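Worksheet: one structure, shown below.
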Amino acid sequence: MPRPEPKEITFTIDGLEVKATEGEMLVDAAKHGDVEIPIFCYEPKLGQPVGACRMCLVEVEGIPKLQTGCSTPVKDGMVVHTQTERVHDAQKAVVEFLLVNHPLDCPVCDKGGECPLQDITFGWGAGTSRFIEPKRHFRKPLEISPLIAIDRERCILCYRCVRYSQEIAEDYQLVLHDRGAHSFVGTFDGHPYVAPFSGNIIELCPVGALTSTAYRFRARPWDVETAGSVCTLCAAQCNVSLTVRDDKVSRVMVRDHPEVDDGWLCDKGRFAYQAFHVDERITEPLVREGDELRPASWDRAIATAAAGLARAGRHTAALVGGQATNEDGFLLQRFLREGLEAHDLDSRLGAQLPVELHRALAAPALQASVPDLEFAHAVLVLETELMDDAAILDLRIRKGIRRHNLKLAVASSRPSALDPAAEQVERFAPGGVGRFLYELASGDHALSDWLRDAGQDVVIVWGERMGGAPGGANALRALLNVAGNLNLGEHEGAGLLAIPAVTNGRGLREAGVLPNAGPGLKAPVADGRGAPEIAAALADGDLRALYLLGADPLVSYPGRGAWAKALDRATTVVAHAGVLTQGIREHADVVFPSEVYAEKNGTVVHPDGRVQRVRQAIAHVGNVRPEWQVIADVARAAGFDLGVLTSAMATKQLFAAVPFYAGLTAEGLAGHGVRWPAGDGAAKAPEGDLGPFTLEAPAPEPAPTHGQLRLGSWRSLWAAPEVRISPSLQFLHPGSSVELAPDDARRLGIEDGVPVEVAQNGTSLRGRATLRSAVPAGSVFVSDETAILTGALVEVRRA
Amino acid sequence: MTKLLFANIDEPDLNTIDVYRRHGGYEALPKALKMSRDEVQAQLESSELRGRGGAGFSMGKKVSFLPHGAMDKYLVCNADESEPGAFKDRELIQKNPHQLIEGLIIGAYAADVNRSFIYIRGEYQYQADILDAAVKQAEAAGYLGERILGSDHTLSLVVHRGAGAYICGEETALLDSLEGKRGNPRLKPPFPANQGLYQGPTLVNNVETLSNVPHIIRMGAKAWAEHGVQNSTGTKVVSVSGCVRNPGNFEIELGIPTRDLIMGLAGGPREGCTIKFFFPGGSSSPVLTAEEGLDIPYDFDSMAKAGSMLGSGSIIVVDDTVPVVEVAKKVAKFYAHESCGKCSPCREGTNWTVKMLERVDTGEATPMDLDIIASVQDQIIGHCLCVLGDSMAMPIGSLVRKFRAEFEEHIERAREARGMGVTVPEPEPVGIAGADPDVGPY
């Protein structure tokens with residue numbers, strides 16, 4: 001449903017005439033007149049008000065009883081009083097009631113100092129209590145999950161966490177047990193509350209009843225500073241507020257951005273900050289001596305790296321990982337292209353795509369924004385599992401369905417968490433997305449009609465990995481045909497939203513980290529080779545040096561065998577790394593310690609084109625240096641001056657080099673970023689061929705012969721090194737899992753949980769079998785960081 | 001006295017369709033179906049029938065609040081009669097279920113509703129079985145289902161049993177419970193007439209209200225409204241219980257002196273006893289002393305004027321042998337036990353009041369605590385999400401106010417009995433029943 005038109009009205013509050021938007025609740029409208037009405041249970045993010053805590057009682061002229069300001073929509077001409085004796089008495093009464101069973105343990109409570117109950121008691125309470133009876137008692141604190149402690153004595157039963165679980169996360173795990181004064185919050189079956197978004201209840205809690213086990217007793221509000229930044233742990237790029245104590249990040253909270261995260265965080269974003277301060281992190285440069293990587297001075301590390309790269313010259317290649325900022329990628333491509341005259345560099349994992357397609361898919365008119373997901377008539381989620389790829393968008397779509405009658409279709413090979421919420425579910429075999437899109441574009445598919453009839457605002461959220469798979473280019477052309485058929489480019493609230501395989505996939509592309517495109521998707525001096533070809537060229541000896549900026553091809557790139565050979569032959573491997581993963585440990589000659597995002601300054605680009613600022617919150621740990629600076633130092637030592645002395649200079653260079661970033665400044669991005677496709681830059685975007693394309697039907701995939709299954713893959717939200725090394729989060733780090741349909745498993749004699757082997761042409765992969773009834777027969781899915789190998793036929797057997 | 005609802009009530013097998021029909025049952029239905037929906041609604045409105053569940057809102061008006069047009073609308077009959085002192089619906093269902101069903105069908109016709117439910121209190125197993133059987137009979141006879149009696153009216157009726165929560169008698173909590181959720185009251189507005197069951201417009205009516213409908217249609221609104229007094233038309237089934245010689249349900253015309261009801265029909269107090277006070281409208285109504293209440297007419301307005309309410313029409317009589325502290329404790333405990341816990345004043349207020357009354361009972365209180373009790377009741381009234389909090393605060397407030405001397409005397413005696421010592425009870429831990437004490441519930 002399209003966004004409602006706001007209408008301005010005037011009402012009177014405490015004798016003051018105030019303008020407000022019609023339909024706003026009184027507690028919100030009152031703020032326009034600088035009047036605060038105290039609240040506990042009210043939280044607009046949770047949907048409709050429930051009026052449970054009764055804290056917001058106010059007097060409305062013409063209504064005999066006091067009204068709850070949280071649930072009374074403001075009307076034109078309404079006269080409201082919040083300072084009468086009647087209102088004061090009622091508010092004092094509610095505070096007294098809430099404190100009846102609330103322990104006064106503020107001095108040892110984590111919430112003390114930032115506690116709404118404390119503030120409201122001071123502001124609106126009577127200052128004394130007449131309650132001398134014993135309070136209610138519970139065992140406390142208990143772990144409601146490994147991440148969250150619950151203190152039921154402090155709970156004021158405002159229902160926020162329960163409503164969150166039921167109506168926002170829709171995991172339906174939290175409930176209220178018992179009734180009356182014996183009510184308490186718990187999970188329905190007594191199991192721990194483990195869910196991808198569980199941590200949000202800590203921030204929702206208006207008292208110290210729900211606390212983070214990782215933050216518990218670590219700091220008081222007056223000990224800490226907060227710093228705003230952007231989480232770069234996944235493509236959703238949620239805005240965060242980092243709680244810093246003694247130059248350490250000790251907590252991550254939301255920094256409400258309605259157009260990015262809607263004020264929620266996933267548990268990875270909330271708790272993986274622990275990875276910033278663990279021993280596993282590399283905090284000083286390492287240089288290879290024989291078989292070992294040994295700590296070295298910066299001077300030596302830079303000189304060694306520069307010498308190796310200068311020797312290789314144009315036979316140097318670079319891979320840029322997803323957490324790199326635009327500036328890091330931009331500077332590195334300049335170093336390679338201008339300094340070394342090398343042209344082989346890539347930020348994508350899979351096969352190369354024609355630059356034309358990159359430009360077409362970035363066409364400003366085709367870009368959907370995050371709020372469009374909520375207000376569209378229909379959304380098609382195409383070959384991506386949002387829960388894993390950009391978790392917070394999963395909540396956004398659920399919100400659209402719940403509040404704005406959004407209609408949802410899911411078309412994917414692997415069953416999705418959004419399936420139950422979808423009106424239409426299309427399941428194709430892994431690798432079958434090209435055929436599906438071909439049919440959808442030619443109108444031969446039932447979903448074609450559904451999308452056409454759904455309304456004018458249709459948003460297609462598509463997983464970018466499908467472009468890197470075989471036949472990817474044609475699949476994307478078919479996608480552009482679908483967009484053309486539906487006129488997505490012509491409607492304000494419609495469009496495409498690509499979910500990149502890595503956090504800053506979009507930004508790195510725009511900064512020129514593609515083999516066939518320079519900054520701003522302009523044609524480069526010479527076309528280079530993409531990731532798969534780089535591997536081959538290294539193995540052939542045609543390429544000799546490899547620069548890895550936050551990437552380990554043995555961990556996160558497809559074609560492990562080819563990469564192992566490539567790294568073996570490479571004469572110089574320079575890497576920026578946060579932890580020693582296999583490829584780095586065995587093959588890197590120089591390792592520069594990577595920054596974590598809390599140490600970084602720079603910009604990233606959200607999948608919907610919003611350029612956002614990552615800002616430094618803590619000093620660099622140990623001997624870590626900024627990545628832009630290291631790149632510049634290495635370049636200088638190799639004889640090429642990038643001309644940057646500060647991160648601000650790097651940003652300036654980048655904005656000057658990318659035409660559609662024209663007019664952007666770091667200051668202008670401020671806290672909320674700027675969506676360039678909706679701004680002045682849109683006119684300067686390179687034009688791409690939007691089709692329609694004449695396509696041939698994709699050849700049918702070879703049928704599985706006896707016993708074989710079609711291989712699909714996914715990368716779990718939790719499959720990240722940050723999760724693995726965060727003490728309180730590591731229980732969520734997934735082992736290698738192999739998902740099978742129960743029928744296939746029975747035929748192959750595989751039970752749930754047993755170790756299995758997935759084999760193809762002599763290479764194999766091991767994992768634990770997970771039987772999932774939603775998996776279509778004939779398919780098998782392996783959890784894999786690359787999540788790009790789809791469509792191959794494999795054998796699955798008990799290990 | 002005229003009997004409408006209770007006419008032939010003791011006829012054997014009145015709960016079967018044949019006997020009901022023999023006494024003129026299901027004659028109002030065809031008559032109503034021949035009228036237009038607006039005409040039926042006009043009849044209900046002009047009869048001035050007021051809801052018999054407690055709030056006393058005009059039924060005809062409620063029907064008219066439902067939006068017109070084709071949409072999923074519902075009628076829900078509230079048979080969750082759980083108020084201490086009320087047992088009229090139980091007899092109406094048990095002995096004459098078809099009267100209710102006929103009224104419900106006519107009400108649904110007037111409101112243009114095609115789906116209906118009877119939400120019956122879980123403890124009323126026997127009555128629910130009777131209702132189930134009666135619904136089957138009505139379906140077989142063509143009074144329920146598609147195109148009832150050849151008209152354009154279609155209606156399904158489902159009997160749903162509650163699970164033992166008083167709060168589910170509150171109409172919005174009832175709707176939540178019916179939807180399969182925890183039975184908690186909803187915020188109003190939106191009122192059920194606009195957004196009720198499954199978000200659809202919903203008419204919620206009490207058993208007795210709907211049971212009156214066939215009589216209004218049969219007699220005509222004007223003739224029916226001649227019974228009773230102005231603003232309290234019709235007859236009312238009153239449950240009288242407590243310290244009387246002849247407790248039970250009595251159908252009266254509204255507006256007769258309360259004395260006739262308690263002293264006459266219910267037989268008055270036992271020998272040698274005098275009436276101390278009574279609850280005129282169930283345990284949630286402010287009490288009236290014998291002097292205050294016996295001589296006022298038993299109708300909606302007179303009771304409100306006297307500072308109490310007619311409520312569901314359930315009189316509980318308390319004589320001079322019963323200590324007022326006991327009554328107060330029992331009432332407060334009931335509501336503290338039944339509070340759903342959603343809103344703070346009710347959840348904490350009822351629980352606090354019980355704790356204070358217990359101290360009064362054991363003599364650990366002072367007269368100042370009586371002031372706190374009274375003040376806490378004032379803090380509850382009008383501040384809650386639904387009326388459950390008020391339901392305790394009103395009677396307790398009235399008891400403390402009207403019998404303060406007796407409360408003080410009780411404290412004094414109890415203090416003496418226990419030798420003035422003060423003991424503080426050990427707090428009891430609360431948790432999930434059966435949970436492992438070492439691990440604790442999550």
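We label chains A, B, ... in the order they appear in the structure tokens, count residues from 1 in each chain, and number ligands from 1 in the order shown.
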Using only C-alpha atoms, I'd like a table of the residues in chain A that come within 7 Å of chain B; for each, show the closest atom pair and its distance in Å rounded to one decimal, ordered by chain and ascending number, as JSON lines.
```
{"residue": "A:Val50", "atom": "CA", "partner": "B:Leu187", "partner_atom": "CA", "distance": 6.0}
{"residue": "A:Gly51", "atom": "CA", "partner": "B:Leu187", "partner_atom": "CA", "distance": 6.3}
{"residue": "A:Ala52", "atom": "CA", "partner": "B:Cys343", "partner_atom": "CA", "distance": 4.3}
{"residue": "A:Cys53", "atom": "CA", "partner": "B:Cys343", "partner_atom": "CA", "distance": 5.2}
{"residue": "A:Arg54", "atom": "CA", "partner": "B:Cys343", "partner_atom": "CA", "distance": 6.6}
{"residue": "A:Lys65", "atom": "CA", "partner": "B:Gly382", "partner_atom": "CA", "distance": 6.6}
{"residue": "A:Ala90", "atom": "CA", "partner": "B:Gln379", "partner_atom": "CA", "distance": 6.7}
{"residue": "A:Ala93", "atom": "CA", "partner": "B:Gln379", "partner_atom": "CA", "distance": 5.7}
{"residue": "A:Val94", "atom": "CA", "partner": "B:Pro345", "partner_atom": "CA", "distance": 6.3}
{"residue": "A:Phe97", "atom": "CA", "partner": "B:Glu348", "partner_atom": "CA", "distance": 5.5}
{"residue": "A:Leu98", "atom": "CA", "partner": "B:Ser344", "partner_atom": "CA", "distance": 6.4}
{"residue": "A:Val100", "atom": "CA", "partner": "B:Glu348", "partner_atom": "CA", "distance": 6.8}
{"residue": "A:Glu133", "atom": "CA", "partner": "B:Lys355", "partner_atom": "CA", "distance": 6.7}
{"residue": "A:Pro134", "atom": "CA", "partner": "B:Pro427", "partner_atom": "CA", "distance": 6.2}
{"residue": "A:His137", "atom": "CA", "partner": "B:Pro429", "partner_atom": "CA", "distance": 5.0}
{"residue": "A:Phe138", "atom": "CA", "partner": "B:Pro429", "partner_atom": "CA", "distance": 5.4}
{"residue": "A:Leu142", "atom": "CA", "partner": "B:Tyr442", "partner_atom": "CA", "distance": 6.7}
{"residue": "A:Glu143", "atom": "CA", "partner": "B:Tyr442", "partner_atom": "CA", "distance": 6.7}
{"residue": "A:Ile144", "atom": "CA", "partner": "B:Tyr442", "partner_atom": "CA", "distance": 5.0}
{"residue": "A:Arg179", "atom": "CA", "partner": "B:Cys340", "partner_atom": "CA", "distance": 5.0}
{"residue": "A:Gly180", "atom": "CA", "partner": "B:Gly341", "partner_atom": "CA", "distance": 3.7}
{"residue": "A:Ala181", "atom": "CA", "partner": "B:Arg347", "partner_atom": "CA", "distance": 5.3}
{"residue": "A:Ser183", "atom": "CA", "partner": "B:Gly341", "partner_atom": "CA", "distance": 6.3}
{"residue": "A:Gly186", "atom": "CA", "partner": "B:Tyr442", "partner_atom": "CA", "distance": 5.8}
{"residue": "A:Thr187", "atom": "CA", "partner": "B:Tyr442", "partner_atom": "CA", "distance": 6.6}
{"residue": "A:Gly190", "atom": "CA", "partner": "B:Tyr442", "partner_atom": "CA", "distance": 5.1}
{"residue": "A:His191", "atom": "CA", "partner": "B:Tyr442", "partner_atom": "CA", "distance": 6.5}
{"residue": "A:Pro192", "atom": "CA", "partner": "B:Tyr442", "partner_atom": "CA", "distance": 6.3}
```
Self-check item: Shell of 8 Å around Leu288 in chain B, only C-alpha atoms, local chain residues under 3 positions omitted, as a ChimeraX atom specification
Solution: /B:277-280,291-293,308
Exercise. Give me every strand (DSSP E or B) residue in range 174-293 of chain A, going by DSSP on the backbone, as an MDAnalysis selection string.
Key: chainID A and resid 174:177 184:187 210:212 225:230 239:245 248:254 286:289 292:293
Practice problem: Determine which residues of range 89-318 of chain B DSSP labels as alpha helix (DSSP H) from the backbone of this structure, then write them out as JSON, numbers by chain. | Solution: {"B": [89, 90, 91, 92, 93, 94, 95, 97, 98, 99, 100, 101, 102, 103, 104, 105, 106, 107, 108, 109, 110, 111, 125, 126, 127, 128, 129, 130, 131, 132, 133, 134, 135, 136, 137, 138, 139, 140, 171, 172, 173, 174, 175, 176, 177, 178, 207, 208, 209, 210, 211, 212, 213, 214, 215, 216, 217, 218, 219, 221, 222, 223, 224, 225, 258, 259, 290, 291, 292, 293, 300, 301, 302, 303, 304, 305]}
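Across the structure, CA of Ala362 in chain A and CA of Ile397 in chain A are spaced 22.3 Å apart.
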Quiz item: If we count only C-alpha atoms, what is near Lys236 in chain B at a cut-off of 7 Å, once residues fewer than 6 positions away on the same chain are taken out, given as a PyMOL selection string?
Solution: chain B and resi 251-254
Exercise. Please provide as a PyMOL selection string all residues within 7 Å of Met55 in chain A, with the sequence filter that same-chain residues fewer than 3 positions apart are discarded (counting only C-alpha atoms).
Key: chain A and resi 38-40+91+94
Filtering to N, CA and C atoms, could you give me those residues as a PDB file, in the first residue's frame?
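Output file again-v3.pdb follows:
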```pdb
ATOM      1  N   PRO A  38       4.700  10.809  29.999  1.00  0.00           N
ATOM      2  CA  PRO A  38       5.536   9.639  30.305  1.00  0.00           C
ATOM      3  C   PRO A  38       4.910   8.342  29.773  1.00  0.00           C
ATOM      4  N   ILE A  39       5.767   7.426  29.335  1.00  0.00           N
ATOM      5  CA  ILE A  39       5.285   6.158  28.774  1.00  0.00           C
ATOM      6  C   ILE A  39       6.197   5.003  29.194  1.00  0.00           C
ATOM      7  N   PHE A  40       5.630   3.836  29.237  1.00  0.00           N
ATOM      8  CA  PHE A  40       6.427   2.605  29.386  1.00  0.00           C
ATOM      9  C   PHE A  40       6.124   1.616  28.264  1.00  0.00           C
ATOM     10  N   GLN A  91      -0.949   9.813  37.501  1.00  0.00           N
ATOM     11  CA  GLN A  91       0.415   9.422  37.151  1.00  0.00           C
ATOM     12  C   GLN A  91       1.191   8.967  38.385  1.00  0.00           C
ATOM     13  N   VAL A  94       0.086   5.458  39.195  1.00  0.00           N
ATOM     14  CA  VAL A  94       0.652   4.404  38.349  1.00  0.00           C
ATOM     15  C   VAL A  94       2.113   4.146  38.727  1.00  0.00           C
TER      16      VAL A  94
END
```
Self-check item: Two-atom distance - CA of Leu695 in chain A, CA of His358 in chain A (Å)
Solution: 18.1 Å
Practice problem: Identify, on the basis of only C-alpha atoms, every residue whose closest approach to Asp256 in chain A does not exceed 10 Å; exclude the query and any residue fewer than 4 positions from it along the same chain; express the result as a ChimeraX atom specification. | Solution: /A:238-241,260-265,672
Self-check item: Interatomic distance, CA of Ile262 in chain B to CA of Lys276 in chain B (Å, one decimal)
Solution: 12.6 Å
Quiz item: For Gly145 in chain B, which of B:Ile105, B:Phe117, B:Arg259, B:Ser177 is the closest residue, counting only C-alpha atoms?
Solution: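 Ranking B:Ile105, B:Phe117, B:Arg259, B:Ser177 by distance to Gly145 in chain B, first place goes to B:Ile105.
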Exercise. Using only C-alpha atoms, pick whichever of B:Glu139, B:Glu48, B:Glu416, B:Glu271 has the shortest atom-to-atom distance to Leu157 in chain B.
Key: B:Glu139
Practice problem: Compile the contact shell of range 457-472 of chain A as number ranges by chain: residues with an atom at most 8 Å away, counting only C-alpha atoms, same-chain residues fewer than 2 positions apart removed. | Solution: A: 2, 349-353, 368, 372-373, 376-385, 431, 433-434, 451, 454-455, 474-476, 486, 488, 491-501, 787-790
Suppose we keep C-alpha atoms; can you now write the selection as a PDB file, in the first residue's frame?
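And here is the file that came out, result.pdb:
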```
ATOM      1  CA  PRO A   2       1.381   3.423  -0.907  1.00  0.00           C
ATOM      2  CA  LEU A 349      33.145 -13.762  -6.132  1.00  0.00           C
ATOM      3  CA  GLY A 350      31.747 -15.349  -9.263  1.00  0.00           C
ATOM      4  CA  ALA A 351      32.065 -15.064 -13.009  1.00  0.00           C
ATOM      5  CA  GLN A 352      32.455 -11.688 -14.678  1.00  0.00           C
ATOM      6  CA  LEU A 353      29.456  -9.828 -16.018  1.00  0.00           C
ATOM      7  CA  ALA A 368      14.065   0.543  -4.979  1.00  0.00           C
ATOM      8  CA  ASP A 372       9.685   0.736  -0.623  1.00  0.00           C
ATOM      9  CA  LEU A 373       9.759  -2.824   0.684  1.00  0.00           C
ATOM     10  CA  ALA A 376       4.941  -1.573  -2.131  1.00  0.00           C
ATOM     11  CA  HIS A 377       1.875  -3.383  -3.360  1.00  0.00           C
ATOM     12  CA  ALA A 378       3.920  -6.523  -3.812  1.00  0.00           C
ATOM     13  CA  VAL A 379       7.441  -7.757  -3.217  1.00  0.00           C
ATOM     14  CA  LEU A 380       9.143 -10.635  -4.977  1.00  0.00           C
ATOM     15  CA  VAL A 381      12.066 -12.105  -3.061  1.00  0.00           C
ATOM     16  CA  LEU A 382      14.188 -13.757  -5.704  1.00  0.00           C
ATOM     17  CA  GLU A 383      16.896 -16.326  -4.979  1.00  0.00           C
ATOM     18  CA  THR A 384      18.056 -14.792  -1.712  1.00  0.00           C
ATOM     19  CA  GLU A 385      17.446 -15.703   1.898  1.00  0.00           C
ATOM     20  CA  GLY A 431      20.688 -23.338 -10.732  1.00  0.00           C
ATOM     21  CA  VAL A 433      16.783 -19.339 -11.538  1.00  0.00           C
ATOM     22  CA  GLY A 434      17.707 -18.531 -15.145  1.00  0.00           C
ATOM     23  CA  LEU A 451       2.970  -9.642 -10.355  1.00  0.00           C
ATOM     24  CA  ALA A 454      -0.586  -7.026  -7.739  1.00  0.00           C
ATOM     25  CA  GLY A 455      -0.566  -3.254  -8.200  1.00  0.00           C
ATOM     26  CA  ASN A 474      21.268 -14.071 -19.232  1.00  0.00           C
ATOM     27  CA  ALA A 475      19.355 -14.521 -16.004  1.00  0.00           C
ATOM     28  CA  LEU A 476      19.972 -10.847 -15.251  1.00  0.00           C
ATOM     29  CA  LEU A 486       6.202  -4.320 -15.050  1.00  0.00           C
ATOM     30  CA  LEU A 488       9.317  -0.754 -12.560  1.00  0.00           C
ATOM     31  CA  HIS A 491       6.872   4.110 -10.616  1.00  0.00           C
ATOM     32  CA  GLU A 492       8.220   5.900  -7.592  1.00  0.00           C
ATOM     33  CA  GLY A 493       7.713   3.045  -5.123  1.00  0.00           C
ATOM     34  CA  ALA A 494       8.742   0.240  -7.468  1.00  0.00           C
ATOM     35  CA  GLY A 495      12.086  -1.126  -8.531  1.00  0.00           C
ATOM     36  CA  LEU A 496      14.858  -3.622  -8.041  1.00  0.00           C
ATOM     37  CA  LEU A 497      16.888  -4.102  -4.899  1.00  0.00           C
ATOM     38  CA  ALA A 498      20.028  -6.191  -5.318  1.00  0.00           C
ATOM     39  CA  ILE A 499      21.326  -7.937  -2.224  1.00  0.00           C
ATOM     40  CA  PRO A 500      25.077  -8.152  -2.739  1.00  0.00           C
ATOM     41  CA  ALA A 501      27.037 -11.220  -1.740  1.00  0.00           C
ATOM     42  CA  ALA A 787      27.192 -19.819  -1.639  1.00  0.00           C
ATOM     43  CA  ILE A 788      27.663 -19.666  -5.342  1.00  0.00           C
ATOM     44  CA  LEU A 789      28.147 -23.227  -6.527  1.00  0.00           C
ATOM     45  CA  THR A 790      24.708 -24.121  -7.691  1.00  0.00           C
TER      46      THR A 790
END
```
